[in-house]
Structure formats: C-alpha cells, structure tokens
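Peer 1: Structure provided below as structure tokens; questions to follow.
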Amino acid sequence: MKVVAFNGSPNKEGNTYHAIKMVMNELEKEGIETEIIHVGNKSIRGCIACYQCAKNKDEKCVLPGDEVNEWIQKMKEADGIILGSPVHYASMGGTMKSFLDRAFFVAGNNGGILRHKVGASVVAVRRTGGMPTFNQLNNYINYSEMLVPTSNYWNVIHGTSPGEVLQDKEGVQIMRVLGKNMAWLMKLVENGKANVKAPEIEKKILMNFIH
C-alpha cells in the first residue's frame with residue numbers, strides 16, 4: 001500500500017512538511033510506502049471551467065505547462081492521500097487550491113477515481129485560521145466519497161519558524177494518532193475488499209434552483 005502527500009506550502013521543509021512527516025512516520029512503521037510531493041512552490045494555473053476533462057474522459061486536465069496530470073495519476077495509484085497546507089489569510093495557499101480544484105474536478109468527472117481511497121488533511125498555522133483551512137481541505141475529500149481517518153482533535157498544529165511545530169506537544173500527538181488511525185483504516189479497506197462488496201457508484205444528480 002502507498003500514501004501520497006501533497007505539501008501546499010511554499011517552503012519545502014517548513015511546518016507543513018513536518019506535520020505531514022509526523023503522520024507518515026506512523027504509516028511507514030506499518031509498512032506503508034509514502035511519498036511527499038511539493039506543490040506550494042510551483043506555478044499552477046487555476047481551473048477555467050472548460051469541462052474538457054469531462055468531455056474527453058482521459059483523466060487529464062487540458063491546461064498545459066505543469067505537473068497536475070502527473071499528480072492526478074499518482075493520486076489514482078495511491079491507496080491513501082494526505083493534503084497539507086499552511087494558512088494564508090485564514091485559508092489554504094493559493095497554489096494548493098489551484099491544484100486541488102483541477103485535480104479533484106478531473107477525478108470526479110472521470111469515474112470517481114478517488115472514490116473509497118483513504119484521505120486526510122493536515123494544517124500548520126502560526127496562530128489562527130487553522131480550522132477554516134482544515135475544513136476547506138476536507139471539502140475535496142468529502143466530495144469525492146473518500147474515507148476519512150480521525151485523530152483525537154482536529155488536525156491542526158502550531159508553529160512559525162520551520163520545525164517549530166515539533167514543540168507543539170498536543171499537535172505532535174494529533175499527527176501521530178492520525179497516522180496510526182490512517183494506517184489501520186487503510187488495512188481495513190484493503191482486507192475488506194474481498195469480503196464486502198462496495199456500493200455501486202451513483203450518477204451525480206445536479207439540481208438548479210433557478211429555472
């Protein structure tokens with residue numbers, strides 16, 4: 001089994017990285033392969049709502065010049081996904097949002113390729129804005145019918161300078177517990193596939209309130 005994590009921070013090894021790494025340390029202890037992809041320092045254009053991914057059905061975004069399509073395939077191949085972001089104005093980083101908008105829109109319009117994968121969000125914050133950012137990240141996971149492991153508090157850890165989150169003892173525990181629960185849930189899913197039939201995917205019903 002494998003988990004791929006996306007680091008939405010501009011800093012390659014800042015506090016978002018350390019938060020992700022804490023979770024991954026527990027996954028690796030359980031024999032799960034891990035990979036961290038640095039998103040936050042890239043130039044990624046936002047979704048232009050052209051719907052070509054829905055038309056083409058090739059699991060690709062038509063916008064050229066970045067690594068989004070490569071990352072979509074890594075998400076498809078993985079058993080678990082971690083979304084990590086710092087807090088910018090009580091929100092996730094802009095580059096991370098551009099990536100997630102495109103990647104999850106492609107996934108949803110190509111047979112729900114992320115459906116029933118295990119997904120978790122983690123947030124690193126100096127002081128406040130952690131919960132809005134955590135909720136934003138979870139919106140992508142929830143919309144995609146992914147399965148969400150929990151911890152003993154919300155997955156937000158505090159620190160300013162790179163590595164300072166390691167001093168947040170409660171935050172460190174939150175990430176550690178999340179990693180253990182994520183590994184356990186992934187194993188339950190993997191072992192249950194042969195014994196419990198997954199519900200069939202339903203075609204999305206779209207309801208407009210202006211006619």
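Each chain in the structure tokens gets a letter, A, B, ..., in the order shown, and its residues are numbered from 1; ligands are numbered from 1 in order too.
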Hey, what's within 7 Å of segment 64-81 of chain A if we count only C-alpha atoms and toss same-chain stuff fewer than 4 positions away? As a VMD selection string, please?

Peer 2: chain A and resid 1 to 5 44 60 99 103 113 to 114 117 to 120

Peer 1: Keeping only all heavy atoms, take the residues you just selected and write them out as an mmCIF file, in the first residue's frame.

Peer 2:
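This is the output file result.cif:
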data_model
loop_
_atom_site.group_PDB
_atom_site.id
_atom_site.type_symbol
_atom_site.label_atom_id
_atom_site.label_comp_id
_atom_site.auth_asym_id
_atom_site.auth_seq_id
_atom_site.Cartn_x
_atom_site.Cartn_y
_atom_site.Cartn_z
ATOM 1 N N MET A 1 0.839 -1.189 0.000
ATOM 2 C CA MET A 1 0.000 0.000 0.000
ATOM 3 C C MET A 1 0.880 1.247 0.000
ATOM 4 O O MET A 1 2.010 1.219 0.476
ATOM 5 C CB MET A 1 -0.920 0.009 1.220
ATOM 6 C CG MET A 1 -2.016 -1.034 1.163
ATOM 7 S SD MET A 1 -3.173 -0.868 2.536
ATOM 8 C CE MET A 1 -2.131 -1.368 3.900
ATOM 9 N N LYS A 2 0.294 2.335 -0.515
ATOM 10 C CA LYS A 2 1.065 3.574 -0.621
ATOM 11 C C LYS A 2 0.197 4.783 -0.314
ATOM 12 O O LYS A 2 -0.989 4.821 -0.656
ATOM 13 C CB LYS A 2 1.650 3.728 -2.028
ATOM 14 C CG LYS A 2 2.500 4.988 -2.188
ATOM 15 C CD LYS A 2 3.170 5.062 -3.539
ATOM 16 C CE LYS A 2 4.015 6.335 -3.651
ATOM 17 N NZ LYS A 2 4.741 6.422 -4.940
ATOM 18 N N VAL A 3 0.827 5.780 0.334
ATOM 19 C CA VAL A 3 0.177 7.066 0.588
ATOM 20 C C VAL A 3 1.005 8.145 -0.096
ATOM 21 O O VAL A 3 2.227 8.190 0.046
ATOM 22 C CB VAL A 3 0.085 7.359 2.098
ATOM 23 C CG1 VAL A 3 -0.343 8.809 2.335
ATOM 24 C CG2 VAL A 3 -0.905 6.413 2.764
ATOM 25 N N VAL A 4 0.324 9.010 -0.833
ATOM 26 C CA VAL A 4 0.988 10.169 -1.430
ATOM 27 C C VAL A 4 0.461 11.423 -0.744
ATOM 28 O O VAL A 4 -0.747 11.563 -0.535
ATOM 29 C CB VAL A 4 0.768 10.224 -2.956
ATOM 30 C CG1 VAL A 4 -0.697 10.314 -3.313
ATOM 31 C CG2 VAL A 4 1.538 11.389 -3.570
ATOM 32 N N ALA A 5 1.377 12.297 -0.352
ATOM 33 C CA ALA A 5 1.001 13.535 0.339
ATOM 34 C C ALA A 5 1.395 14.731 -0.512
ATOM 35 O O ALA A 5 2.418 14.718 -1.206
ATOM 36 C CB ALA A 5 1.704 13.624 1.698
ATOM 37 N N ILE A 44 1.006 27.104 -10.786
ATOM 38 C CA ILE A 44 -0.131 26.292 -11.217
ATOM 39 C C ILE A 44 -1.333 27.196 -11.465
ATOM 40 O O ILE A 44 -1.781 27.907 -10.567
ATOM 41 C CB ILE A 44 -0.488 25.221 -10.166
ATOM 42 C CG1 ILE A 44 0.721 24.300 -9.938
ATOM 43 C CG2 ILE A 44 -1.697 24.412 -10.608
ATOM 44 C CD1 ILE A 44 0.513 23.286 -8.862
ATOM 45 N N LYS A 60 -7.338 13.661 -17.604
ATOM 46 C CA LYS A 60 -6.376 14.738 -17.743
ATOM 47 C C LYS A 60 -7.056 16.098 -17.769
ATOM 48 O O LYS A 60 -8.162 16.242 -18.282
ATOM 49 C CB LYS A 60 -5.565 14.570 -19.032
ATOM 50 C CG LYS A 60 -4.650 13.369 -19.060
ATOM 51 C CD LYS A 60 -3.894 13.307 -20.369
ATOM 52 C CE LYS A 60 -2.957 12.103 -20.417
ATOM 53 N NZ LYS A 60 -2.238 12.029 -21.713
ATOM 54 N N PHE A 99 -4.312 23.668 -7.627
ATOM 55 C CA PHE A 99 -4.063 22.249 -7.887
ATOM 56 C C PHE A 99 -5.262 21.387 -7.523
ATOM 57 O O PHE A 99 -5.719 20.553 -8.312
ATOM 58 C CB PHE A 99 -2.823 21.787 -7.115
ATOM 59 C CG PHE A 99 -2.746 20.305 -6.908
ATOM 60 C CD1 PHE A 99 -2.725 19.437 -7.990
ATOM 61 C CD2 PHE A 99 -2.711 19.770 -5.628
ATOM 62 C CE1 PHE A 99 -2.673 18.059 -7.799
ATOM 63 C CE2 PHE A 99 -2.646 18.404 -5.426
ATOM 64 C CZ PHE A 99 -2.628 17.539 -6.514
ATOM 65 N N ALA A 103 -7.392 18.984 -9.997
ATOM 66 C CA ALA A 103 -7.208 17.546 -9.823
ATOM 67 C C ALA A 103 -8.501 16.844 -9.405
ATOM 68 O O ALA A 103 -8.864 15.800 -9.959
ATOM 69 C CB ALA A 103 -6.111 17.282 -8.789
ATOM 70 N N ILE A 113 -12.322 8.508 -9.655
ATOM 71 C CA ILE A 113 -11.117 7.692 -9.477
ATOM 72 C C ILE A 113 -10.525 7.781 -8.067
ATOM 73 O O ILE A 113 -9.633 7.001 -7.730
ATOM 74 C CB ILE A 113 -10.038 8.048 -10.519
ATOM 75 C CG1 ILE A 113 -9.655 9.522 -10.450
ATOM 76 C CG2 ILE A 113 -10.507 7.683 -11.924
ATOM 77 C CD1 ILE A 113 -8.545 9.910 -11.421
ATOM 78 N N LEU A 114 -11.009 8.714 -7.251
ATOM 79 C CA LEU A 114 -10.525 8.798 -5.867
ATOM 80 C C LEU A 114 -11.505 8.174 -4.873
ATOM 81 O O LEU A 114 -11.227 8.122 -3.679
ATOM 82 C CB LEU A 114 -10.271 10.261 -5.484
ATOM 83 C CG LEU A 114 -9.274 11.020 -6.367
ATOM 84 C CD1 LEU A 114 -9.094 12.440 -5.848
ATOM 85 C CD2 LEU A 114 -7.935 10.297 -6.434
ATOM 86 N N LYS A 117 -10.833 5.812 -1.583
ATOM 87 C CA LYS A 117 -9.467 5.890 -1.085
ATOM 88 C C LYS A 117 -9.504 6.579 0.281
ATOM 89 O O LYS A 117 -10.463 7.276 0.609
ATOM 90 C CB LYS A 117 -8.588 6.699 -2.046
ATOM 91 C CG LYS A 117 -8.375 6.032 -3.411
ATOM 92 C CD LYS A 117 -7.456 6.860 -4.270
ATOM 93 C CE LYS A 117 -7.308 6.243 -5.661
ATOM 94 N NZ LYS A 117 -6.622 4.933 -5.614
ATOM 95 N N VAL A 118 -8.480 6.366 1.087
ATOM 96 C CA VAL A 118 -8.416 6.972 2.409
ATOM 97 C C VAL A 118 -7.731 8.338 2.282
ATOM 98 O O VAL A 118 -6.650 8.440 1.710
ATOM 99 C CB VAL A 118 -7.654 6.073 3.394
ATOM 100 C CG1 VAL A 118 -7.513 6.754 4.746
ATOM 101 C CG2 VAL A 118 -8.382 4.730 3.544
ATOM 102 N N GLY A 119 -8.390 9.372 2.786
ATOM 103 C CA GLY A 119 -7.848 10.715 2.649
ATOM 104 C C GLY A 119 -7.874 11.497 3.947
ATOM 105 O O GLY A 119 -8.848 11.435 4.700
ATOM 106 N N ALA A 120 -6.793 12.246 4.208
ATOM 107 C CA ALA A 120 -6.703 13.059 5.424
ATOM 108 C C ALA A 120 -6.108 14.422 5.105
ATOM 109 O O ALA A 120 -5.328 14.566 4.154
ATOM 110 C CB ALA A 120 -5.845 12.353 6.469
#

Peer 1: Could you list, as number ranges by chain, every residue within 12 Å of Phe105 of chain A, counting only C-alpha atoms and ignoring same-chain residues fewer than 2 positions away?

Peer 2: A: 46-54, 57, 59-62, 68-69, 72, 97-103, 107-114, 140-141, 143-144

Peer 1: When you draw a straight line from atom CA of Gly179 of chain A to atom CA of His158 of chain A, how long is it in Å?

Peer 2: 17.7 Å

Peer 1: What's around Lys29 of chain A at 12 Å? Count only C-alpha atoms, leave out sequence neighbours fewer than 3 positions away in its own chain, and write the answer as JSON, numbers by chain.

Peer 2: {"A": [22, 23, 24, 25, 26, 32, 33, 34, 176, 179, 180, 182, 183, 184]}

Peer 1: Take the residues just selected and output them with C-alpha atoms as a tab-separated table (two decimals), in the first residue's frame.

Peer 2:
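The file below, result-v2.tsv, is the result:
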chain	number	residue	atom	x	y	z
A	22	MET	CA	4.79	13.03	11.53
A	23	VAL	CA	1.79	11.27	10.02
A	24	MET	CA	3.97	9.43	7.52
A	25	ASN	CA	6.33	8.17	10.22
A	26	GLU	CA	3.44	6.17	11.66
A	32	ILE	CA	3.07	1.56	4.09
A	33	GLU	CA	5.09	3.27	1.37
A	34	THR	CA	5.00	7.08	1.39
A	176	ARG	CA	0.83	10.66	15.49
A	179	GLY	CA	-1.06	8.35	11.25
A	180	LYS	CA	-1.91	5.28	13.33
A	182	MET	CA	-4.95	6.15	8.86
A	183	ALA	CA	-2.79	3.02	8.63
A	184	TRP	CA	-5.46	1.00	10.45
